[in-house]
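Colleague: Encoded as structure tokens, here's the structure I'll be asking about.
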Amino acid sequence: MYVYNISFQIDPMQQELWLQWMKSKFMPMVNSTDIFEDQKFYEINVLEDQAPTYTLQLFTSSEEKMENYQVNIASSIMDELQNTWGNQCFHFITTMKIVN
């Protein structure tokens, strides 16, 4: 199983609006690709003085599907994030392979 992980730090003043947008727009966009079989969305426990932090983990059984997403699809979805939230949302992406 392969995991495409997107971590987000969001401006605290935008947190509630961003959460609504993630659930109503971003996550459905990702689901519509039919690349991923499951997803988990987490809020990360951070120190009080740190920005709210979240991670979206997208699971697929195929490395080829994940590579297809990275090469052909991800940029348009991430552009939507950037165009909507700009510097109010910092993000970074990691990919992983589950080994247990």
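By order in the structure tokens, chains are A, B, ...; within a chain, residues start at 1; ligands start at 1, following the order shown.
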Each residue of range 50-88 of chain A with at least one atom at most 10 Å from range 32-43 of chain A should appear once, together with its nearest atom pair and the corresponding distance in Å (one decimal); atoms considered: only C-alpha atoms; ordering: chain, then increasing residue number; output as a tab-separated table.
Modeller:
residue	atom	partner	partner_atom	distance
A:Pro52	CA	A:Glu43	CA	7.7
A:Thr53	CA	A:Glu43	CA	6.0
A:Tyr54	CA	A:Glu43	CA	4.4
A:Thr55	CA	A:Tyr42	CA	5.3
A:Leu56	CA	A:Phe41	CA	4.5
A:Gln57	CA	A:Lys40	CA	5.2
A:Leu58	CA	A:Gln39	CA	4.5
A:Phe59	CA	A:Asp38	CA	5.2
A:Thr60	CA	A:Phe36	CA	4.8
A:Ser61	CA	A:Glu37	CA	7.7
A:Ser62	CA	A:Ile35	CA	8.9
A:Glu64	CA	A:Ile35	CA	9.8
A:Lys65	CA	A:Ile35	CA	5.9
A:Met66	CA	A:Ile35	CA	7.1
A:Glu67	CA	A:Ile35	CA	9.9
A:Asn68	CA	A:Ile35	CA	8.4
A:Tyr69	CA	A:Ile35	CA	7.0
A:Ile73	CA	A:Thr33	CA	8.0
A:Ala74	CA	A:Thr33	CA	9.8
Colleague: Pick out the residues sitting within 8 Å of range 19-29 of chain A, and hand them over as a VMD selection string; count only C-alpha atoms, and ignore anything fewer than 4 positions along from it in its own chain.
Modeller: chain A and resid 15 33 77 81
Colleague: So how many Å separate CA of Glu80 in chain A and CA of Trp18 in chain A, to one decimal?
Modeller: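 Computing the Euclidean distance for CA of Glu80 in chain A and CA of Trp18 in chain A yields 12.6 Å.
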Colleague: If you measure from CA of Leu17 in chain A to CA of Ser75 in chain A, what distance in Å do you get, rounded to one decimal?
Modeller: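 Atom-to-atom, CA of Leu17 in chain A and CA of Ser75 in chain A are spaced 22.4 Å apart.
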Colleague: Apply DSSP to the structure's backbone, then extract all residues of chain A labelled strand (DSSP E or B) and return them as JSON, numbers by chain.
Modeller: {"A": [2, 3, 4, 5, 6, 7, 8, 9, 10, 38, 39, 40, 41, 42, 43, 44, 53, 54, 55, 56, 57, 58, 59, 60, 89, 90, 91, 92, 93, 94, 95, 96, 97]}
Colleague: Keeping only N, CA and C atoms, write those residues as a JSON list (two decimals), in the first residue's frame.
Modeller:
[["chain", "number", "residue", "atom", "x", "y", "z"],
["A", 2, "TYR", "N", 0.50, 2.23, -0.75],
["A", 2, "TYR", "CA", 1.25, 3.48, -0.89],
["A", 2, "TYR", "C", 0.41, 4.63, -0.34],
["A", 3, "VAL", "N", 1.12, 5.61, 0.23],
["A", 3, "VAL", "CA", 0.44, 6.74, 0.85],
["A", 3, "VAL", "C", 0.99, 8.03, 0.25],
["A", 4, "TYR", "N", 0.07, 8.86, -0.20],
["A", 4, "TYR", "CA", 0.38, 10.21, -0.66],
["A", 4, "TYR", "C", -0.07, 11.12, 0.47],
["A", 5, "ASN", "N", 0.86, 11.75, 1.14],
["A", 5, "ASN", "CA", 0.58, 12.52, 2.35],
["A", 5, "ASN", "C", 0.76, 14.02, 2.07],
["A", 6, "ILE", "N", -0.27, 14.79, 2.38],
["A", 6, "ILE", "CA", -0.18, 16.25, 2.25],
["A", 6, "ILE", "C", -0.35, 16.83, 3.65],
["A", 7, "SER", "N", 0.65, 17.58, 4.11],
["A", 7, "SER", "CA", 0.59, 18.25, 5.41],
["A", 7, "SER", "C", 0.32, 19.73, 5.19],
["A", 8, "PHE", "N", -0.51, 20.30, 6.05],
["A", 8, "PHE", "CA", -0.95, 21.69, 5.92],
["A", 8, "PHE", "C", -0.76, 22.43, 7.23],
["A", 9, "GLN", "N", -0.31, 23.66, 7.15],
["A", 9, "GLN", "CA", -0.38, 24.60, 8.27],
["A", 9, "GLN", "C", -1.25, 25.75, 7.79],
["A", 10, "ILE", "N", -2.25, 26.08, 8.61],
["A", 10, "ILE", "CA", -3.24, 27.06, 8.19],
["A", 10, "ILE", "C", -3.24, 28.26, 9.12],
["A", 38, "ASP", "N", -8.70, 4.98, -0.24],
["A", 38, "ASP", "CA", -9.10, 5.43, 1.09],
["A", 38, "ASP", "C", -8.35, 6.72, 1.40],
["A", 39, "GLN", "N", -8.89, 7.45, 2.36],
["A", 39, "GLN", "CA", -8.21, 8.65, 2.83],
["A", 39, "GLN", "C", -8.48, 8.85, 4.31],
["A", 40, "LYS", "N", -7.53, 9.45, 4.98],
["A", 40, "LYS", "CA", -7.65, 9.81, 6.40],
["A", 40, "LYS", "C", -7.22, 11.26, 6.53],
["A", 41, "PHE", "N", -7.99, 12.01, 7.30],
["A", 41, "PHE", "CA", -7.71, 13.43, 7.51],
["A", 41, "PHE", "C", -7.52, 13.64, 9.01],
["A", 42, "TYR", "N", -6.36, 14.15, 9.39],
["A", 42, "TYR", "CA", -6.00, 14.29, 10.80],
["A", 42, "TYR", "C", -5.69, 15.73, 11.16],
["A", 43, "GLU", "N", -6.00, 16.10, 12.38],
["A", 43, "GLU", "CA", -5.48, 17.32, 12.96],
["A", 43, "GLU", "C", -4.31, 16.91, 13.84],
["A", 44, "ILE", "N", -3.17, 17.55, 13.64],
["A", 44, "ILE", "CA", -1.96, 17.22, 14.39],
["A", 44, "ILE", "C", -1.92, 18.06, 15.66],
["A", 53, "THR", "N", -2.32, 22.59, 12.35],
["A", 53, "THR", "CA", -1.64, 21.71, 11.40],
["A", 53, "THR", "C", -2.48, 20.47, 11.16],
["A", 54, "TYR", "N", -2.59, 20.08, 9.90],
["A", 54, "TYR", "CA", -3.39, 18.94, 9.49],
["A", 54, "TYR", "C", -2.61, 18.09, 8.51],
["A", 55, "THR", "N", -3.03, 16.85, 8.35],
["A", 55, "THR", "CA", -2.46, 16.01, 7.32],
["A", 55, "THR", "C", -3.57, 15.20, 6.67],
["A", 56, "LEU", "N", -3.48, 15.08, 5.36],
["A", 56, "LEU", "CA", -4.40, 14.26, 4.58],
["A", 56, "LEU", "C", -3.59, 13.12, 4.00],
["A", 57, "GLN", "N", -3.96, 11.90, 4.36],
["A", 57, "GLN", "CA", -3.26, 10.72, 3.84],
["A", 57, "GLN", "C", -4.18, 10.02, 2.85],
["A", 58, "LEU", "N", -3.66, 9.80, 1.67],
["A", 58, "LEU", "CA", -4.40, 9.19, 0.56],
["A", 58, "LEU", "C", -3.74, 7.85, 0.25],
["A", 59, "PHE", "N", -4.53, 6.78, 0.25],
["A", 59, "PHE", "CA", -4.00, 5.42, 0.14],
["A", 59, "PHE", "C", -4.35, 4.80, -1.21],
["A", 60, "THR", "N", -3.34, 4.17, -1.80],
["A", 60, "THR", "CA", -3.54, 3.42, -3.04],
["A", 60, "THR", "C", -2.70, 2.15, -3.01],
["A", 89, "CYS", "N", -2.09, 29.25, 3.75],
["A", 89, "CYS", "CA", -1.97, 27.80, 3.93],
["A", 89, "CYS", "C", -0.65, 27.33, 3.36],
["A", 90, "PHE", "N", 0.24, 26.90, 4.23],
["A", 90, "PHE", "CA", 1.51, 26.29, 3.82],
["A", 90, "PHE", "C", 1.29, 24.79, 3.73],
["A", 91, "HIS", "N", 1.84, 24.15, 2.72],
["A", 91, "HIS", "CA", 1.70, 22.70, 2.61],
["A", 91, "HIS", "C", 2.98, 22.08, 2.07],
["A", 92, "PHE", "N", 3.14, 20.81, 2.35],
["A", 92, "PHE", "CA", 4.19, 20.03, 1.72],
["A", 92, "PHE", "C", 3.71, 18.60, 1.55],
["A", 93, "ILE", "N", 4.31, 17.89, 0.61],
["A", 93, "ILE", "CA", 3.87, 16.55, 0.22],
["A", 93, "ILE", "C", 4.99, 15.57, 0.46],
["A", 94, "THR", "N", 4.62, 14.40, 0.99],
["A", 94, "THR", "CA", 5.54, 13.27, 1.10],
["A", 94, "THR", "C", 4.82, 12.03, 0.56],
["A", 95, "THR", "N", 5.58, 11.10, 0.06],
["A", 95, "THR", "CA", 5.01, 9.82, -0.36],
["A", 95, "THR", "C", 5.67, 8.73, 0.47],
["A", 96, "MET", "N", 4.89, 7.70, 0.73],
["A", 96, "MET", "CA", 5.37, 6.62, 1.61],
["A", 96, "MET", "C", 4.89, 5.28, 1.08],
["A", 97, "LYS", "N", 5.56, 4.24, 1.51],
["A", 97, "LYS", "CA", 5.13, 2.89, 1.26],
["A", 97, "LYS", "C", 4.93, 2.22, 2.62]]
Colleague: Can you check which residues of range 24-80 of chain A DSSP gives as alpha helix (DSSP H) on the backbone and send them as a list in words?
Modeller: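 So, restricting range 24-80 of chain A to alpha helix (DSSP H), we get Met27, Pro28, Met29, Val30, Asn31, Glu63, Glu64, Lys65, Met66, Glu67, Asn68, Ala74, Ser75, Ser76, Ile77, Met78, Asp79 and Glu80 of chain A.
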Colleague: Only C-alpha atoms, please: the residues just picked out, written as a PDB file, in the first residue's frame.
Modeller:
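Output file selection.pdb is given in full below:
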ATOM      1  CA  MET A  27     -11.213  16.236  -0.697  1.00  0.00           C
ATOM      2  CA  PRO A  28     -14.022  15.646  -3.228  1.00  0.00           C
ATOM      3  CA  MET A  29     -11.661  16.805  -6.020  1.00  0.00           C
ATOM      4  CA  VAL A  30      -9.127  14.215  -4.916  1.00  0.00           C
ATOM      5  CA  ASN A  31     -11.805  11.518  -4.590  1.00  0.00           C
ATOM      6  CA  GLU A  63       2.735   2.714  -7.094  1.00  0.00           C
ATOM      7  CA  GLU A  64       1.841   3.349 -10.742  1.00  0.00           C
ATOM      8  CA  LYS A  65      -1.466   4.983  -9.756  1.00  0.00           C
ATOM      9  CA  MET A  66       0.319   7.234  -7.281  1.00  0.00           C
ATOM     10  CA  GLU A  67       2.903   8.209  -9.893  1.00  0.00           C
ATOM     11  CA  ASN A  68       0.115   8.919 -12.385  1.00  0.00           C
ATOM     12  CA  ALA A  74      -1.765  16.714  -8.552  1.00  0.00           C
ATOM     13  CA  SER A  75      -0.646  20.064  -9.935  1.00  0.00           C
ATOM     14  CA  SER A  76      -4.150  21.152 -10.947  1.00  0.00           C
ATOM     15  CA  ILE A  77      -5.581  20.201  -7.544  1.00  0.00           C
ATOM     16  CA  MET A  78      -2.727  21.862  -5.649  1.00  0.00           C
ATOM     17  CA  ASP A  79      -3.100  24.958  -7.857  1.00  0.00           C
ATOM     18  CA  GLU A  80      -6.691  25.187  -6.621  1.00  0.00           C
TER      19      GLU A  80
END
Colleague: Could you please determine the separation between CA of Trp85 in chain A and CA of Met13 in chain A in Å, to one decimal place?
Modeller: 12.0 Å
